[in-house]
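Student: Contents are mmCIF, C-alpha atoms; file name run_30.cif:
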data_coords
loop_
_atom_site.label_atom_id
_atom_site.label_comp_id
_atom_site.auth_asym_id
_atom_site.auth_seq_id
_atom_site.Cartn_x
_atom_site.Cartn_y
_atom_site.Cartn_z
CA MET A 1 -2.11 -4.92 -16.55
CA GLU A 2 -2.39 -2.98 -19.83
CA ASN A 3 -3.25 0.73 -20.00
CA PHE A 4 -3.14 1.09 -16.23
CA LYS A 5 -0.73 3.44 -14.50
CA VAL A 6 0.05 3.50 -10.79
CA ILE A 7 0.51 6.44 -8.43
CA VAL A 8 2.18 5.56 -5.11
CA LEU A 9 1.78 8.24 -2.44
CA ALA A 10 4.85 8.08 -0.22
CA ALA A 11 5.63 11.68 0.75
CA GLY A 12 4.38 11.44 4.34
CA GLN A 13 6.93 11.68 7.15
CA GLY A 14 5.13 9.34 9.58
CA LYS A 15 5.55 11.55 12.65
CA ARG A 16 3.99 8.93 14.93
CA MET A 17 6.88 6.56 14.17
CA ARG A 18 8.97 8.89 16.42
CA THR A 19 12.11 8.52 14.29
CA GLU A 20 14.02 10.61 11.77
CA LEU A 21 13.70 7.78 9.25
CA PRO A 22 10.67 8.36 6.96
CA LYS A 23 7.91 5.83 7.57
CA VAL A 24 8.02 4.05 4.21
CA LEU A 25 11.76 3.45 4.64
CA HIS A 26 11.39 1.50 7.87
CA PRO A 27 12.71 -2.06 7.62
CA LEU A 28 10.75 -5.22 6.96
CA TYR A 29 13.50 -7.73 7.72
CA ASP A 30 15.68 -7.63 4.56
CA THR A 31 13.92 -4.77 2.77
CA THR A 32 11.87 -1.65 3.50
CA ILE A 33 8.12 -1.06 3.49
CA LEU A 34 8.39 0.88 0.23
CA GLU A 35 10.76 -1.54 -1.51
CA TYR A 36 8.48 -4.44 -0.64
CA LEU A 37 5.46 -2.66 -2.11
CA LEU A 38 7.33 -1.52 -5.23
CA THR A 39 8.35 -5.11 -5.93
CA THR A 40 4.66 -6.04 -6.02
CA ILE A 41 3.88 -3.02 -8.21
CA ARG A 42 6.63 -3.89 -10.71
CA GLU A 43 5.53 -7.53 -10.86
CA THR A 44 2.00 -6.39 -11.73
CA PHE A 45 2.44 -3.20 -13.77
CA GLY A 46 6.08 -3.15 -14.82
CA GLU A 47 7.57 0.36 -14.77
CA ASN A 48 4.21 2.10 -15.30
CA TYR A 49 4.22 3.80 -11.93
CA PHE A 50 4.93 7.20 -10.37
CA LEU A 51 6.30 7.51 -6.86
CA VAL A 52 5.28 10.75 -5.14
CA ILE A 53 7.81 11.51 -2.41
CA SER A 54 9.26 14.34 -0.36
CA PRO A 55 12.79 15.63 -1.05
CA LYS A 56 13.92 13.99 2.19
CA ILE A 57 12.82 10.54 1.06
CA LYS A 58 14.49 10.99 -2.32
CA ASN A 59 17.86 11.14 -0.59
CA TYR A 60 17.41 7.54 0.53
CA LEU A 61 16.37 6.07 -2.82
CA SER A 62 18.95 4.56 -5.12
CA GLN A 63 17.14 1.91 -7.14
CA VAL A 64 14.19 3.95 -8.41
CA SER A 65 14.55 5.65 -11.78
CA GLU A 66 14.27 9.44 -11.93
CA ASN A 67 11.54 8.88 -14.54
CA ASN A 68 9.37 7.32 -11.83
CA ILE A 69 9.91 9.97 -9.15
CA VAL A 70 7.61 12.95 -8.55
CA LEU A 71 8.39 15.42 -5.78
CA GLN A 72 5.87 16.96 -3.41
CA GLU A 73 7.93 19.77 -1.94
CA VAL A 74 5.30 20.89 0.59
CA PRO A 75 2.96 18.36 2.27
CA LEU A 76 -0.48 19.73 1.35
CA GLY A 77 -2.41 16.45 1.38
CA THR A 78 -3.11 13.42 -0.79
CA GLY A 79 -5.14 15.38 -3.33
CA ASP A 80 -2.23 17.75 -3.86
CA ALA A 81 0.15 14.77 -4.15
CA VAL A 82 -1.85 13.29 -7.02
CA ARG A 83 -2.00 16.71 -8.69
CA LYS A 84 1.81 16.61 -8.90
CA VAL A 85 1.52 13.77 -11.40
CA GLU A 86 -0.80 15.69 -13.75
CA PRO A 87 1.97 17.16 -15.95
CA LEU A 88 3.25 13.64 -16.62
CA LEU A 89 -0.14 12.09 -17.41
CA GLY A 90 -1.80 15.02 -19.16
CA ASP A 91 -4.66 13.79 -21.37
CA TYR A 92 -3.85 10.12 -20.84
CA ASP A 93 -7.10 8.29 -21.63
CA GLY A 94 -6.77 5.32 -19.35
CA ASP A 95 -7.05 4.17 -15.76
CA VAL A 96 -4.89 4.82 -12.74
CA LEU A 97 -4.39 2.94 -9.51
CA VAL A 98 -3.63 5.12 -6.48
CA LEU A 99 -2.33 3.63 -3.25
CA PRO A 100 -0.27 4.66 -0.21
CA GLY A 101 3.34 3.63 0.16
CA ASP A 102 2.82 1.87 3.51
CA VAL A 103 0.67 -1.15 2.52
CA PRO A 104 3.32 -3.83 1.87
CA LEU A 105 0.98 -6.80 2.42
CA ILE A 106 -1.22 -6.08 -0.63
CA LYS A 107 -1.00 -8.96 -3.11
CA LYS A 108 -0.51 -8.67 -6.86
CA GLU A 109 -3.50 -10.99 -7.35
CA THR A 110 -5.65 -8.50 -5.44
CA LEU A 111 -4.40 -5.57 -7.49
CA ASN A 112 -5.10 -7.45 -10.72
CA SER A 113 -8.59 -8.35 -9.56
CA LEU A 114 -9.27 -4.75 -8.52
CA CYS A 115 -8.26 -3.42 -11.93
CA LEU A 116 -10.31 -6.03 -13.79
CA THR A 117 -13.38 -5.31 -11.62
CA HIS A 118 -12.98 -1.57 -12.15
CA ARG A 119 -13.02 -2.03 -15.90
CA LYS A 120 -15.71 -4.71 -16.02
CA GLU A 121 -18.11 -2.55 -13.96
CA ASN A 122 -17.15 0.56 -15.94
CA ASN A 123 -16.65 2.54 -12.74
CA VAL A 124 -15.27 6.05 -12.68
CA CYS A 125 -13.90 5.22 -9.23
CA THR A 126 -13.48 1.89 -7.45
CA ILE A 127 -12.62 2.11 -3.75
CA VAL A 128 -10.91 -0.71 -1.88
CA THR A 129 -12.74 -1.07 1.43
CA THR A 130 -12.60 -3.32 4.45
CA VAL A 131 -14.41 -3.66 7.78
CA MET A 132 -12.80 -3.04 11.18
CA GLU A 133 -14.21 -3.74 14.61
CA ASN A 134 -12.45 -0.62 15.88
CA PRO A 135 -12.04 1.80 12.95
CA GLN A 136 -10.52 4.60 15.00
CA GLY A 137 -8.23 6.79 12.91
CA TYR A 138 -9.59 5.68 9.52
CA GLY A 139 -11.80 7.43 6.99
CA ARG A 140 -15.34 6.02 6.86
CA ILE A 141 -17.29 4.93 3.78
CA VAL A 142 -20.63 6.76 3.84
CA ARG A 143 -23.50 5.23 1.85
CA ASP A 144 -27.03 6.39 1.11
CA LEU A 145 -30.21 4.40 1.83
CA LYS A 146 -29.79 2.51 -1.45
CA GLY A 147 -26.30 1.42 -0.43
CA ASP A 148 -24.48 3.63 -2.92
CA ILE A 149 -21.27 5.35 -1.80
CA VAL A 150 -21.78 9.10 -1.47
CA LYS A 151 -18.57 10.18 0.25
CA ILE A 152 -15.57 9.29 2.35
CA VAL A 153 -15.25 11.24 5.58
CA GLU A 154 -11.99 11.50 7.52
CA GLU A 155 -12.39 10.73 11.21
CA LYS A 156 -11.35 14.22 12.32
CA ASP A 157 -14.16 15.66 10.18
CA ALA A 158 -16.75 12.94 10.91
CA SER A 159 -19.94 13.37 12.89
CA GLU A 160 -20.67 11.19 15.89
CA GLU A 161 -22.98 9.04 13.76
CA GLU A 162 -20.42 8.69 10.96
CA ARG A 163 -17.77 7.53 13.41
CA LYS A 164 -19.94 4.49 14.17
CA ILE A 165 -19.47 3.22 10.60
CA ARG A 166 -17.16 0.19 10.48
CA GLU A 167 -16.55 0.08 6.72
CA ILE A 168 -13.35 2.01 6.17
CA ASN A 169 -11.36 3.51 3.33
CA THR A 170 -8.03 1.74 2.70
CA SER A 171 -6.71 4.63 0.57
CA ILE A 172 -6.42 2.30 -2.42
CA TYR A 173 -8.45 3.28 -5.49
CA ALA A 174 -8.83 2.74 -9.22
CA PHE A 175 -9.90 5.77 -11.26
CA LYS A 176 -10.62 6.77 -14.81
CA TRP A 177 -7.86 9.35 -15.12
CA LEU A 178 -9.68 12.04 -17.07
CA ASN A 179 -12.55 12.05 -14.55
CA LEU A 180 -10.11 12.18 -11.67
CA LYS A 181 -8.13 14.98 -13.30
CA GLU A 182 -11.30 17.06 -13.62
CA ALA A 183 -12.30 16.43 -9.99
CA LEU A 184 -8.84 17.35 -8.67
CA CYS A 185 -9.39 20.90 -9.93
CA LEU A 186 -12.43 21.20 -7.64
CA LEU A 187 -10.75 20.22 -4.38
CA ASN A 188 -10.49 22.67 -1.50
CA ASN A 189 -8.84 22.52 1.91
CA ASN A 190 -11.84 23.46 4.06
CA ASN A 191 -11.20 20.81 6.69
CA VAL A 192 -9.55 20.37 10.09
CA GLN A 193 -6.19 19.48 8.57
CA LYS A 194 -6.27 22.32 6.01
CA GLU A 195 -5.20 19.80 3.37
CA PHE A 196 -6.47 18.81 -0.06
CA TYR A 197 -7.98 15.36 0.51
CA LEU A 198 -8.03 12.92 -2.41
CA THR A 199 -11.06 11.36 -0.70
CA ASP A 200 -13.13 14.46 -1.53
CA VAL A 201 -13.22 13.49 -5.21
CA VAL A 202 -15.65 10.72 -4.22
CA SER A 203 -18.36 13.19 -3.15
CA ILE A 204 -17.72 15.15 -6.35
CA PHE A 205 -18.32 12.01 -8.42
CA ALA A 206 -21.45 11.19 -6.39
CA ARG A 207 -22.95 14.66 -6.90
CA ASN A 208 -22.41 14.27 -10.64
CA LYS A 209 -24.08 10.81 -10.67
CA LEU A 210 -20.88 9.08 -11.81
CA LYS A 211 -20.48 5.40 -11.06
CA ILE A 212 -18.58 4.55 -7.86
CA GLY A 213 -17.84 0.97 -6.92
CA ALA A 214 -16.49 -0.78 -3.83
CA PHE A 215 -13.96 -3.60 -3.80
CA PRO A 216 -13.95 -5.31 -0.37
CA VAL A 217 -10.79 -7.08 0.77
CA ASP A 218 -9.47 -8.88 3.83
CA LEU A 219 -8.29 -6.48 6.53
CA GLU A 220 -4.82 -8.00 6.95
CA GLU A 221 -3.90 -7.34 3.35
CA VAL A 222 -4.42 -3.58 3.55
CA LEU A 223 -2.98 -2.84 6.97
CA GLY A 224 -0.77 0.22 7.10
CA ALA A 225 1.67 1.26 9.80
CA ASN A 226 1.48 4.57 11.63
CA THR A 227 3.38 3.51 14.76
CA GLN A 228 6.27 1.20 15.58
CA GLU A 229 3.83 -1.18 17.26
CA GLU A 230 1.65 -1.38 14.16
CA LEU A 231 4.72 -2.02 12.01
CA SER A 232 5.84 -4.85 14.29
CA TYR A 233 2.43 -6.47 13.74
CA ILE A 234 2.85 -6.21 9.96
CA ARG A 235 6.25 -7.91 10.27
CA LYS A 236 4.65 -10.79 12.16
CA ILE A 237 2.05 -11.25 9.41
CA LEU A 238 4.74 -11.07 6.74
CA LYS A 239 6.86 -13.67 8.52
CA ARG A 240 3.87 -15.96 8.95
CA ASN A 241 2.91 -15.68 5.28
CA ILE A 242 6.44 -16.32 4.00
CA ASN A 243 6.94 -19.31 6.29
CA LYS A 244 3.56 -20.77 5.37
CA ASN A 245 4.35 -20.46 1.65
CA ASN A 246 7.65 -22.25 2.18
CA MET A 247 6.13 -25.02 4.29
CA ASP A 248 3.39 -25.50 1.67
CA LYS A 249 6.23 -26.14 -0.82
CA GLY A 250 7.83 -28.81 1.36
CA VAL A 251 10.29 -26.84 3.50
CA ILE A 252 10.59 -28.31 7.00
CA ILE A 253 10.52 -25.44 9.51
CA ILE A 254 10.71 -26.78 13.04
CA GLU A 255 9.53 -23.63 14.83
CA PRO A 256 8.04 -21.15 12.33
CA GLU A 257 7.45 -18.40 14.88
CA SER A 258 11.23 -18.09 15.44
CA VAL A 259 12.35 -18.26 11.79
CA ASN A 260 12.78 -15.21 9.54
CA LEU A 261 13.14 -15.74 5.78
CA GLY A 262 13.54 -12.90 3.28
CA LYS A 263 11.06 -12.20 0.50
CA ASN A 264 13.71 -13.05 -2.11
CA THR A 265 15.20 -16.00 -0.26
CA LEU A 266 14.48 -19.18 -2.22
CA VAL A 267 14.34 -22.32 -0.09
CA GLU A 268 13.92 -25.64 -1.91
CA HIS A 269 11.84 -28.55 -0.64
CA ASP A 270 13.24 -30.96 1.97
CA VAL A 271 15.40 -28.28 3.56
CA ILE A 272 15.31 -28.55 7.35
CA ILE A 273 15.39 -25.26 9.26
CA GLU A 274 15.90 -25.41 13.02
CA PRO A 275 14.59 -22.75 15.47
CA ASN A 276 15.98 -19.20 15.73
CA VAL A 277 17.18 -18.90 12.15
CA SER A 278 17.31 -15.80 9.94
CA ILE A 279 18.16 -15.99 6.23
CA LEU A 280 17.70 -12.58 4.68
CA GLY A 281 18.58 -11.54 1.16
CA ASP A 282 19.04 -13.06 -2.29
CA TYR A 283 19.96 -16.61 -1.37
CA ILE A 284 19.08 -20.07 -2.68
CA VAL A 285 19.02 -22.86 -0.11
CA ARG A 286 19.24 -26.14 -2.01
CA ARG A 287 17.10 -29.21 -1.22
CA LYS A 288 18.09 -31.44 1.66
CA ALA A 289 20.25 -28.70 3.24
CA TYR A 290 20.24 -28.48 7.02
CA ILE A 291 20.22 -25.07 8.70
CA GLY A 292 21.20 -25.37 12.34
CA PRO A 293 19.71 -23.37 15.21
CA PHE A 294 20.73 -19.72 15.77
CA SER A 295 22.04 -19.30 12.22
CA TYR A 296 22.02 -15.74 10.89
CA ILE A 297 22.71 -14.93 7.23
CA ASN A 298 22.04 -11.48 5.80
CA SER A 299 23.22 -10.08 2.46
CA LYS A 300 21.11 -6.92 2.69
CA MET A 301 21.73 -4.74 5.69
CA ILE A 302 19.15 -1.92 6.00
CA ARG A 303 20.90 1.45 6.27
CA SER A 304 19.55 4.80 7.36
#
Output the structure of this file as structure tokens.

Tutor:
Amino acid sequence: MENFKVIVLAAGQGKRMRTELPKVLHPLYDTTILEYLLTTIRETFGENYFLVISPKIKNYLSQVSENNIVLQEVPLGTGDAVRKVEPLLGDYDGDVLVLPGDVPLIKKETLNSLCLTHRKENNVCTIVTTVMENPQGYGRIVRDLKGDIVKIVEEKDASEEERKIREINTSIYAFKWLNLKEALCLLNNNNVQKEFYLTDVVSIFARNKLKIGAFPVDLEEVLGANTQEELSYIRKILKRNINKNNMDKGVIIIEPESVNLGKNTLVEHDVIIEPNVSILGDYIVRRKAYIGPFSYINSKMIRS
């Protein structure tokens, strides 16, 4: 995607995970949440991305170039995190994609489509939204009577009526950078969290009659993980998707719900995989191979 730069916000500690390991570094079988997402980013945008992280997270990273890393020393909110990238972008006259570091299920096709829609509609801001039956914990998309987006309100700051809204903010956006840069200067921390919310730029755009668009997506693709239980659900979806892709290509998986295959594990057609098998890492399983039950192969052990 030409003339598009990406800002990945991954400085959060994920306190509700109840571990010392930062949230985005939790394992997804043979990789981490962040590594999985960055693979998708690189496949779509190359090295045109900035990763905003805390000093603690930096200590765990080994395969991300220093040129891509931006530190947020003190956690003052998502708006402050994006501000940290300003010195590197300056007067860049293009578009940026901003997304959190804990949405590993987002597809490169979706990101491409989002960017193309953003440009085609000439939006200053395009917000990825989805609908949840129970949107507890998520920011709500607030629209006026004409259906235009006027703001995003975080649940802790929402009124009783606003909390009934089921269209939620996924924290994935496309922006025209120069407009975003100008709005970032106007942010304040007059909210319950005492943080600078990136979401507040939306109301700034609306007040100035700038064009805001919505890009609706399927809920599963934009699920994040704030607890261990939520992360386990994401793993189940990931396993299902990988196994389905392999079966669609002619891999014979006897009991898909008990088989774990890595993102970078290539399995050729006519391979038979028995139940309770894990093949994790950079492997190629050649056609007509037979993988017996309870086999475990792992070239990539996740380390804390």

Student: Quick one: residues within 10 Å of Glu121 of chain A, all atoms listed in the file, excluding same-chain residues fewer than 3 positions away - as a list in words?

Tutor: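 Near Glu121 of chain A, the qualifying residues are Leu116, Thr117, His118, Val124, Thr126, Lys211, Ile212 and Gly213 of chain A.
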
Student: Evaluated on this file, the PyMOL selection byres ((chain A and resi 47) around 12) picks out some residues - which ones are they, written as a VMD selection string?

Tutor: chain A and resid 1 to 2 4 to 7 38 to 46 48 to 51 64 to 69

Student: For Ser232 of chain A, which residue among A:Lys263, A:Lys176, A:His26, A:Arg286 is the nearest when counting all atoms listed in the file?

Tutor: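 For Ser232 of chain A, the nearest of the candidates is A:His26.
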
Student: Nearest residue to Ile242 of chain A out of A:Leu105, A:Ala289, A:Leu198, A:Ile152, using all atoms listed in the file?

Tutor: A:Leu105

Student: Determine the nearest neighbour of Glu167 of chain A from the options A:Lys288, A:Lys239, A:Arg140, A:Lys194, counting only C-alpha atoms.

Tutor: A:Arg140

Student: Skip Arg143 of chain A itself and residues of its chain fewer than 4 positions away, then list as number ranges by chain all residues within 10 Å of it, counting all atoms listed in the file.

Tutor: A: 147-152, 165, 167

Student: Which residues come within 12 Å of Arg83 of chain A, counting all atoms listed in the file, excluding same-chain residues fewer than 2 positions away, as number ranges by chain?

Tutor: A: 7, 9, 50, 52, 70-72, 76-81, 85-90, 98, 177, 180-187, 196-198

Student: Need the shell around Thr32 of chain A: protein/DNA/RNA residues with any atom at most 10 Å away, counting only C-alpha atoms. Skip same-chain ones fewer than 5 positions apart. Format as a list in words?

Tutor: Lys23, Val24, Leu25, His26, Pro27, Leu37, Leu38, Asp102, Pro104, Ile302 and Arg303 of chain A

Student: Atom CA of Asp200 of chain A to atom CA of Arg163 of chain A: how many Å, to one decimal?

Tutor: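 Atom CA of Arg163 of chain A lies 17.1 Å from atom CA of Asp200 of chain A.
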